[in-house]
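Asker: So that we are looking at the same thing, I have put the structure below in structure tokens.
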There are 2 protein chains.
Amino acid sequence: MREDILETGGVKKRITIHDVAAAAGVSISTASKALNNNGRMGDETRERVKRVASEIGFRPNALARGLLSKRSFTIGLLTNDTYGRFTLPVMAGVSEALVDHGVSVFLCAIEDDPALGQIHVEAMLDKQVDGIIATGKRLDRRLPVDLSNLPVPVVYAFTEGAPNSVTFRSDDTHGATLAVEWLLQTGRRRITHITGPKDFFSVHERADAYSKAAGGGEPVMYGIWSESWGHEAVAEIWKRTGEKPDALFCGNDQIARGAVDALRERGIKVPEDVSVIGFDNWEIVAAQTRPPLTTVDMELKELGRQAGLTVLALAEGRPVEPGVRKLPCRLVVRQSCGGNSPRE
Amino acid sequence: MREDILETGGVKKRITIHDVAAAAGVSISTASKALNNNGRMGDETRERVKRVASEIGFRPNALARGLLSKRSFTIGLLTNDTYGRFTLPVMAGVSEALVDHGVSVFLCAIEDDPALGQIHVEAMLDKQVDGIIATGKRLDRRLPVDLSNLPVPVVYAFTEGAPNSVTFRSDDTHGATLAVEWLLQTGRRRITHITGPKDFFSVHERADAYSKAAGGGEPVMYGIWSESWGHEAVAEIWKRTGEKPDALFCGNDQIARGAVDALRERGIKVPEDVSVIGFDNWEIVAAQTRPPLTTVDMELKELGRQAGLTVLALAEGRPVEPGVRKLPCRLVVRQSCGGNSPRE
DNA sequence: ACGATTTGGTAAAAGGTTTTCTCACTGCAG
DNA sequence: CTGCAGTGAGAAAACCTTTTACCAAATCGT
């Protein structure tokens with residue numbers, strides 16, 4: 001064998017509980033009980049086994065353990081959001097919540113492809129996952145996979161769930177209300193809402209909350225989720241005759257950024273002349289806008305954390321009430337609305 | 001038990017090969033051999049077992065299988081890039097390459113925390129992963145984890161690898177050369193390079209390639225990876241006396257976007273007066289810039305694919321030559337440099 | 001001193017699959 | 001009729017860990 005060819009690592013034999021038992025001079029069952037702190041034996045024996053185990057670097061084989069206990073300490077995370085805008089924080093939250101419990105996470109990117117979704121689900125079930133979290137990029141769309149009648153619990157996060165399941169989502173009504181109230185609180189009165197496509201459920205929720213909080217003045221401007229729409233909307237507004245708004249509540253940060261840029265090009269000062277507030281707190285957009293955007297954070301990481309803990313609870317057989325859980329949003333104050341406390 | 005409380009799913013008993021054997025009226029070993037197409041038996045028997053198995057929906061337990069075969073059909077992906085800029089495409093590539101081989105991917109976000117990294121590595125080893133892929137956000141930094149002397153093969157992707165390991169990275173020299181040559185080809189002659197911090201290895205590689213390709217004219221401007229630095233750099237250049245550049249080669253798309261915006265604010269037309277080219281092909285930045293950025297794509301998904309296939313090869317004991325593999329970049333032509341073919 | 005209990009520990013089964021070994025039987029040549 | 005090759009299928013071991021049942025020795029109560 002040539003020297004510059006890598007092999008799998010020389011078949012380093014893994015250390016099993018057999019080795020521990022032999023090294024400590026006890027039987028396998030005693031070794032097992034010593035390490036798991038159950039069964040009866042002398043304190044000296046227990047300590048000796050533990051010491052020997054850590055000395056020779058023993059780690060129990062999770063496969064063997066799982067085979068017996070019916071728990072693999074593994075869950076699957078299904079997503080169709082390759083962009084990562086929404087999935088990444090959710091995923092980080094899930095992983096963070098579960099790593100403390102020794103649970104690992106399979107990532108399955110299914111790309112809106114039902115066949116791929118099916119393959120991933122089957123692979124996960126074969127690997128005896130303790131549960132599945134389904135997450136997506138729209139909370140009014142289902143993942144293109146059938147997750148009913150699975151032998152493991154399923155929790156939905158930021159995607160539409162099956163009836164009678166547990167679903168976590170952001171409270172967009174709360175978020176929009178936070179935004180509008182902040183604008184009102186900083187003295188703005190003529191607030192226009194520039195947002196995304198009408199067929200998004202969140203668009204309606206945010207628009208309704210806006211109307212309610214702002215007193216139902218101006219109409220809502222629907223468009224697409226892009227900077228260019230922010231530009232166009234501003235152009236359209238400033239082309240109109242009559243009083244101009246003194247604040248823009250945008251449906252997401254990209255639209256807000258487009259709006260801010262368009263205002264600046266017109267010589268309109270943000271936030272002195274017009275306040276602009278976004279939605280999503282997508283750092284890369286919000287923080288790089290000039291001025292940096294005040295925006296609404298949907299707390300997706302926290303959402304992921306809760307989803308993770310919930311699927312764990314279900315996997316352990318602890319009861320959980322089904323239903324949709326709406327998590328509150330958080331206002332992130334930067335500089336695009338003025339305001340007193342420019343944290344961050 | 002109240003009805004509105006979710007339980008783990010009613011303990012649906014999983015179907016094992018025992019059930020298949022019983023239903024087909026054969027022994028367990030015969031069933032196993034029939035399903036795996038080995039051993040000797042009558043054609044009729046083999047077919048019957050297979051038919052019965054699929055009828056009752058049998059799927060082999062991967063844990064039991066892994067216990068015996070020493071292959072878990074699972075690999076771990078370690079990353080410290082929570083932002084997801086670089087990790088996501090790599091991950092998508094890994095997953096895509098491996099799903100066909102029945103291999104699932106554990107995602108481990110370790111956040112530059114050595115302790116967390118250690119925990120994740122141990123969890124993965126306990127779960128008998130067949131291999132580990134380490135990926136990061138800088139190819140001149142190591143992950144804060146010790147991956148030497150592991151009982152499984154390790155492959156590095158977009159992060160610095162251990163000596164004598166397999167490492168995949170982008171060929172930044174190639175990428176920068178592509179960029180500069182494109183500018184030259186479209187008739188530009190006075191190209192300035194605005195890039196990131198000096199302590200990044202890629203910054204040097206790109207700057208060196210730039211100097212070589214551009215003929216070593218202008219000095220390189222080092223700064224940070226942000227839009228604001230793009231702005232500042234343009235301001236600085238246009239404050240200077242003397243001839244202005246007719247092209248800017250920026251170290252990443254964010255800098256490029258800042259530069260484009262700054263040029264537009266000065267009334268300088270892109271690409272008519274000045275061409276701007278970026279690096280990274282970060283869709284969200286590059287495609288939303290006005291005009292959309294021509295940029296260099298590092299083909300991170302392909303990099304992930306290759307890393308996935310390589311770790312699989314090592315896991316299966318197939319020999320792989322160690323060393324650093326530099327993958328070529330790809331020029332993505334949009335509109336910020338003119339040019340003939342505005343695809344995408 | 002003797003039955004009852006406690007103590008310290010071992011043997012064996014279980015979990016689901018794969019693989020090797022063995023066995024019974026058929027057909028055929030000698 | 002005996003020996004033998006070939007065929008079809010089952011028994012059992014192995015993978016590693018946990019748990020239950022069990023056993024021998026020591027201790028206790030009266």
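In the structure tokens, chains take the letters A, B, ... in the order shown, each chain's residues start at 1, and ligands count up from 1 in the order shown.
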Enumerate, as a list in words, the complete set of residues in segment 208-247 of chain B that a backbone-based DSSP assignment places in strand (DSSP E).

Answerer: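 Result set for segment 208-247 of chain B (strand (DSSP E)): Val220, Met221, Tyr222 and Ala247 of chain B.
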
Asker: If you count only C-alpha atoms (C1' of nucleotides), which residues fall within 12 Å of DC4 of chain D, apart from same-chain ones fewer than 3 positions away, as a list in words?

Answerer: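 The residues that qualify are DT26, DG27, DC28, DA29 and DG30 of chain C.
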
Asker: Residues of chain C within 8 Å of chain B: nearest atom pair and distance (Å, one decimal) for each, counting only C-alpha atoms (C1' of nucleotides), sorted by chain and number, as JSON lines?

Answerer:
{"residue": "C:DG16", "atom": "C1'", "partner": "B:Ala64", "partner_atom": "CA", "distance": 5.1}
{"residue": "C:DT17", "atom": "C1'", "partner": "B:Arg65", "partner_atom": "CA", "distance": 5.2}
{"residue": "C:DT18", "atom": "C1'", "partner": "B:Leu68", "partner_atom": "CA", "distance": 7.1}

Asker: Would you mind writing down, as an mmCIF file with C-alpha atoms, in the first residue's frame, each residue of segment 119-342 of chain B that DSSP on the backbone assigns to alpha helix (DSSP H)?

Answerer:
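Result written to out-v7.cif:
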data_model
loop_
_atom_site.group_PDB
_atom_site.id
_atom_site.type_symbol
_atom_site.label_atom_id
_atom_site.label_comp_id
_atom_site.auth_asym_id
_atom_site.auth_seq_id
_atom_site.Cartn_x
_atom_site.Cartn_y
_atom_site.Cartn_z
ATOM 1 C CA ILE B 119 -19.831 17.360 23.104
ATOM 2 C CA HIS B 120 -21.014 17.098 19.542
ATOM 3 C CA VAL B 121 -18.055 15.029 18.446
ATOM 4 C CA GLU B 122 -18.577 12.607 21.287
ATOM 5 C CA ALA B 123 -22.279 12.368 20.598
ATOM 6 C CA MET B 124 -21.533 11.558 16.975
ATOM 7 C CA LEU B 125 -18.974 8.929 17.832
ATOM 8 C CA ASP B 126 -21.358 7.355 20.295
ATOM 9 C CA ASP B 172 -9.565 31.665 -5.092
ATOM 10 C CA THR B 173 -6.671 32.308 -7.419
ATOM 11 C CA HIS B 174 -8.740 30.911 -10.223
ATOM 12 C CA GLY B 175 -11.781 32.897 -9.159
ATOM 13 C CA ALA B 176 -9.938 36.190 -8.997
ATOM 14 C CA THR B 177 -8.282 35.520 -12.324
ATOM 15 C CA LEU B 178 -11.668 34.823 -13.879
ATOM 16 C CA ALA B 179 -12.937 38.139 -12.586
ATOM 17 C CA VAL B 180 -10.019 40.225 -13.755
ATOM 18 C CA GLU B 181 -9.870 38.558 -17.135
ATOM 19 C CA TRP B 182 -13.524 39.238 -17.669
ATOM 20 C CA LEU B 183 -12.963 42.898 -16.929
ATOM 21 C CA LEU B 184 -10.002 43.028 -19.311
ATOM 22 C CA GLN B 185 -11.977 41.191 -21.940
ATOM 23 C CA PHE B 201 -5.683 34.028 3.470
ATOM 24 C CA SER B 202 -8.179 34.271 0.632
ATOM 25 C CA VAL B 203 -7.685 38.015 0.580
ATOM 26 C CA HIS B 204 -4.036 37.446 -0.258
ATOM 27 C CA GLU B 205 -4.722 34.805 -2.830
ATOM 28 C CA ARG B 206 -7.262 36.956 -4.574
ATOM 29 C CA ALA B 207 -5.058 40.040 -4.365
ATOM 30 C CA ASP B 208 -2.054 38.190 -5.752
ATOM 31 C CA ALA B 209 -4.062 36.758 -8.601
ATOM 32 C CA TYR B 210 -5.450 40.220 -9.260
ATOM 33 C CA SER B 211 -1.986 41.754 -9.409
ATOM 34 C CA LYS B 212 -0.759 39.105 -11.738
ATOM 35 C CA ALA B 213 -3.744 39.235 -14.053
ATOM 36 C CA ALA B 214 -4.136 43.011 -14.059
ATOM 37 C CA GLU B 227 -21.121 47.460 2.401
ATOM 38 C CA SER B 228 -19.917 50.475 4.292
ATOM 39 C CA TRP B 229 -16.328 49.712 3.367
ATOM 40 C CA GLY B 230 -17.402 49.618 -0.282
ATOM 41 C CA HIS B 231 -18.837 53.083 0.159
ATOM 42 C CA GLU B 232 -15.785 54.424 1.926
ATOM 43 C CA ALA B 233 -13.386 52.979 -0.597
ATOM 44 C CA VAL B 234 -15.222 54.617 -3.477
ATOM 45 C CA ALA B 235 -15.308 57.886 -1.602
ATOM 46 C CA GLU B 236 -11.598 57.670 -1.020
ATOM 47 C CA ILE B 237 -10.794 56.892 -4.635
ATOM 48 C CA TRP B 238 -12.908 59.660 -6.025
ATOM 49 C CA LYS B 239 -11.415 62.142 -3.568
ATOM 50 C CA ASP B 253 -20.579 40.940 -2.915
ATOM 51 C CA GLN B 254 -21.312 43.123 0.067
ATOM 52 C CA ILE B 255 -18.368 45.384 -0.662
ATOM 53 C CA ALA B 256 -19.401 45.410 -4.306
ATOM 54 C CA ARG B 257 -22.903 46.436 -3.414
ATOM 55 C CA GLY B 258 -21.635 49.260 -1.262
ATOM 56 C CA ALA B 259 -19.408 50.383 -4.111
ATOM 57 C CA VAL B 260 -22.226 50.291 -6.668
ATOM 58 C CA ASP B 261 -24.478 52.301 -4.397
ATOM 59 C CA ALA B 262 -21.737 54.840 -3.758
ATOM 60 C CA LEU B 263 -21.044 55.192 -7.476
ATOM 61 C CA ARG B 264 -24.703 55.714 -8.242
ATOM 62 C CA GLU B 265 -24.921 58.375 -5.581
ATOM 63 C CA GLU B 283 -27.850 35.695 -4.345
ATOM 64 C CA ILE B 284 -29.565 37.856 -1.840
ATOM 65 C CA VAL B 285 -26.985 40.595 -2.219
ATOM 66 C CA ALA B 286 -25.843 40.094 -5.778
ATOM 67 C CA LEU B 300 -19.794 25.504 -2.648
ATOM 68 C CA LYS B 301 -22.543 23.032 -3.346
ATOM 69 C CA GLU B 302 -20.271 21.064 -5.640
ATOM 70 C CA LEU B 303 -17.620 21.296 -2.953
ATOM 71 C CA GLY B 304 -20.070 19.787 -0.511
ATOM 72 C CA ARG B 305 -20.964 17.047 -2.939
ATOM 73 C CA GLN B 306 -17.361 16.049 -3.367
ATOM 74 C CA ALA B 307 -16.689 16.165 0.349
ATOM 75 C CA GLY B 308 -19.690 13.914 0.898
ATOM 76 C CA LEU B 309 -18.611 11.378 -1.681
ATOM 77 C CA THR B 310 -15.082 11.415 -0.341
ATOM 78 C CA VAL B 311 -16.008 10.751 3.246
ATOM 79 C CA LEU B 312 -18.216 7.951 1.991
ATOM 80 C CA ALA B 313 -15.336 6.447 0.055
ATOM 81 C CA LEU B 314 -13.110 6.580 3.117
ATOM 82 C CA ALA B 315 -15.832 5.056 5.253
#

Asker: Taking only residues of chain B that have an atom at most 7 Å from an atom of chain D, what is each one's shortest atom pair and its distance in Å to one decimal, using only C-alpha atoms (C1' of nucleotides), in chain and number order, as CSV?

Answerer:
residue,atom,partner,partner_atom,distance
B:Ser27,CA,D:DG10,C1',6.3
B:Thr30,CA,D:DA9,C1',6.7
B:Arg40,CA,D:DG8,C1',6.8
B:Met41,CA,D:DG8,C1',5.1
B:Gly42,CA,D:DG8,C1',6.5
B:Leu67,CA,D:DC15,C1',5.1
B:Leu68,CA,D:DC15,C1',4.3

Asker: Please produce a file of those selected residues containing C-alpha atoms, as a compact mmCIF listing (two decimals), in the first residue's frame.

Answerer:
# COMPACT_ATOMS: atom_id res chain seq x y z
CA SER B 27 -37.27 -18.99 9.19
CA THR B 30 -34.28 -17.40 5.13
CA ARG B 40 -29.46 -20.11 -1.56
CA MET B 41 -33.15 -20.84 -1.87
CA GLY B 42 -35.85 -21.52 -4.40
CA LEU B 67 -24.69 -2.80 15.16
CA LEU B 68 -23.65 -5.80 13.17

Asker: Identify all chain B residues at most 8 Å from chain A by counting only C-alpha atoms; ligands do not count. Present them as an MDAnalysis selection string.

Answerer: chainID B and resid 4:9 11:12 14 59:64 66:67 82:84 88 92 95 99 102 104:109 120 123:124 126:128 150:153 165 226:228 265 288 314:322

Asker: Those same residues - C-alpha atoms - I'd like them written as a PDB file, in the first residue's frame.

Answerer:
ATOM      1  CA  ASP B   4     -57.072  16.715  23.780  1.00  0.00           C
ATOM      2  CA  ILE B   5     -53.756  15.475  25.034  1.00  0.00           C
ATOM      3  CA  LEU B   6     -51.321  14.128  22.503  1.00  0.00           C
ATOM      4  CA  GLU B   7     -49.550  10.918  23.224  1.00  0.00           C
ATOM      5  CA  THR B   8     -46.553   9.452  21.478  1.00  0.00           C
ATOM      6  CA  GLY B   9     -48.690   7.725  18.891  1.00  0.00           C
ATOM      7  CA  VAL B  11     -46.976   2.549  20.622  1.00  0.00           C
ATOM      8  CA  LYS B  12     -47.575   1.196  17.134  1.00  0.00           C
ATOM      9  CA  ARG B  14     -42.840  -1.876  14.572  1.00  0.00           C
ATOM     10  CA  ARG B  59     -38.450  -1.912   6.807  1.00  0.00           C
ATOM     11  CA  PRO B  60     -35.247  -3.157   8.399  1.00  0.00           C
ATOM     12  CA  ASN B  61     -34.129  -1.517  11.620  1.00  0.00           C
ATOM     13  CA  ALA B  62     -31.015   0.459  10.773  1.00  0.00           C
ATOM     14  CA  LEU B  63     -29.824   0.360  14.365  1.00  0.00           C
ATOM     15  CA  ALA B  64     -29.710  -3.415  14.465  1.00  0.00           C
ATOM     16  CA  GLY B  66     -25.536  -0.974  11.988  1.00  0.00           C
ATOM     17  CA  LEU B  67     -24.691  -2.800  15.162  1.00  0.00           C
ATOM     18  CA  THR B  82     -24.224  29.883  12.139  1.00  0.00           C
ATOM     19  CA  TYR B  83     -24.763  32.671   9.722  1.00  0.00           C
ATOM     20  CA  GLY B  84     -25.088  30.035   7.062  1.00  0.00           C
ATOM     21  CA  LEU B  88     -25.719  26.088   3.764  1.00  0.00           C
ATOM     22  CA  ALA B  92     -26.999  21.012   0.673  1.00  0.00           C
ATOM     23  CA  SER B  95     -26.878  15.890   1.750  1.00  0.00           C
ATOM     24  CA  VAL B  99     -29.077  10.667   0.233  1.00  0.00           C
ATOM     25  CA  GLY B 102     -28.888   5.959   2.095  1.00  0.00           C
ATOM     26  CA  SER B 104     -28.141  10.652   6.640  1.00  0.00           C
ATOM     27  CA  VAL B 105     -26.397  13.730   7.964  1.00  0.00           C
ATOM     28  CA  PHE B 106     -26.166  14.942  11.555  1.00  0.00           C
ATOM     29  CA  LEU B 107     -25.924  18.686  11.732  1.00  0.00           C
ATOM     30  CA  CYS B 108     -23.743  19.998  14.547  1.00  0.00           C
ATOM     31  CA  ALA B 109     -23.486  23.740  15.025  1.00  0.00           C
ATOM     32  CA  HIS B 120     -21.014  17.098  19.542  1.00  0.00           C
ATOM     33  CA  ALA B 123     -22.279  12.368  20.598  1.00  0.00           C
ATOM     34  CA  MET B 124     -21.533  11.558  16.975  1.00  0.00           C
ATOM     35  CA  ASP B 126     -21.358   7.355  20.295  1.00  0.00           C
ATOM     36  CA  LYS B 127     -23.845   7.127  17.476  1.00  0.00           C
ATOM     37  CA  GLN B 128     -21.208   5.381  15.384  1.00  0.00           C
ATOM     38  CA  LEU B 150     -10.683   9.769  15.679  1.00  0.00           C
ATOM     39  CA  PRO B 151     -11.801   6.226  14.897  1.00  0.00           C
ATOM     40  CA  VAL B 152     -13.600   7.499  11.778  1.00  0.00           C
ATOM     41  CA  PRO B 153     -12.407   9.333   8.683  1.00  0.00           C
ATOM     42  CA  SER B 165      -5.917  14.952   5.557  1.00  0.00           C
ATOM     43  CA  SER B 226     -19.111  45.191   4.623  1.00  0.00           C
ATOM     44  CA  GLU B 227     -21.121  47.460   2.401  1.00  0.00           C
ATOM     45  CA  SER B 228     -19.917  50.475   4.292  1.00  0.00           C
ATOM     46  CA  GLU B 265     -24.921  58.375  -5.581  1.00  0.00           C
ATOM     47  CA  GLN B 288     -30.839  42.648  -5.499  1.00  0.00           C
ATOM     48  CA  LEU B 314     -13.110   6.580   3.117  1.00  0.00           C
ATOM     49  CA  ALA B 315     -15.832   5.056   5.253  1.00  0.00           C
ATOM     50  CA  GLU B 316     -16.064   2.165   2.840  1.00  0.00           C
ATOM     51  CA  GLY B 317     -12.343   1.661   3.002  1.00  0.00           C
ATOM     52  CA  ARG B 318     -11.678   2.833  -0.509  1.00  0.00           C
ATOM     53  CA  PRO B 319      -8.334   4.580  -0.746  1.00  0.00           C
ATOM     54  CA  VAL B 320      -8.228   8.345  -1.214  1.00  0.00           C
ATOM     55  CA  GLU B 321      -5.162  10.472  -1.781  1.00  0.00           C
ATOM     56  CA  PRO B 322      -4.692  13.056   0.942  1.00  0.00           C
TER      57      PRO B 322
END

Asker: Report, in Å to a single decimal, how far apart atom CA of Pro292 of chain B and atom CA of Arg266 of chain A are.

Answerer: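 Between these atoms lies a distance of 21.3 Å.
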
Asker: Please provide as a PDB file with C-alpha atoms, in the first residue's frame all residues within 8 Å of Met298 of chain B, with the sequence filter that same-chain residues fewer than 2 positions apart are discarded (counting only C-alpha atoms (C1' of nucleotides)).

Answerer:
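File written: out_6.pdb
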ATOM      1  CA  SER B 170     -12.299  26.894  -3.536  1.00  0.00           C
ATOM      2  CA  ASP B 171      -9.541  27.979  -5.876  1.00  0.00           C
ATOM      3  CA  ASP B 172      -9.565  31.665  -5.092  1.00  0.00           C
ATOM      4  CA  GLY B 175     -11.781  32.897  -9.159  1.00  0.00           C
ATOM      5  CA  ASP B 280     -19.282  34.911  -3.541  1.00  0.00           C
ATOM      6  CA  ASN B 281     -22.460  35.070  -5.627  1.00  0.00           C
ATOM      7  CA  VAL B 296     -17.633  34.861  -8.868  1.00  0.00           C
ATOM      8  CA  LEU B 300     -19.794  25.504  -2.648  1.00  0.00           C
ATOM      9  CA  LEU B 327     -12.139  23.471  -6.908  1.00  0.00           C
ATOM     10  CA  PRO B 328     -12.514  25.899  -9.789  1.00  0.00           C
ATOM     11  CA  CYS B 329     -14.829  28.890  -9.487  1.00  0.00           C
ATOM     12  CA  ARG B 330     -17.458  30.022 -11.958  1.00  0.00           C
TER      13      ARG B 330
END
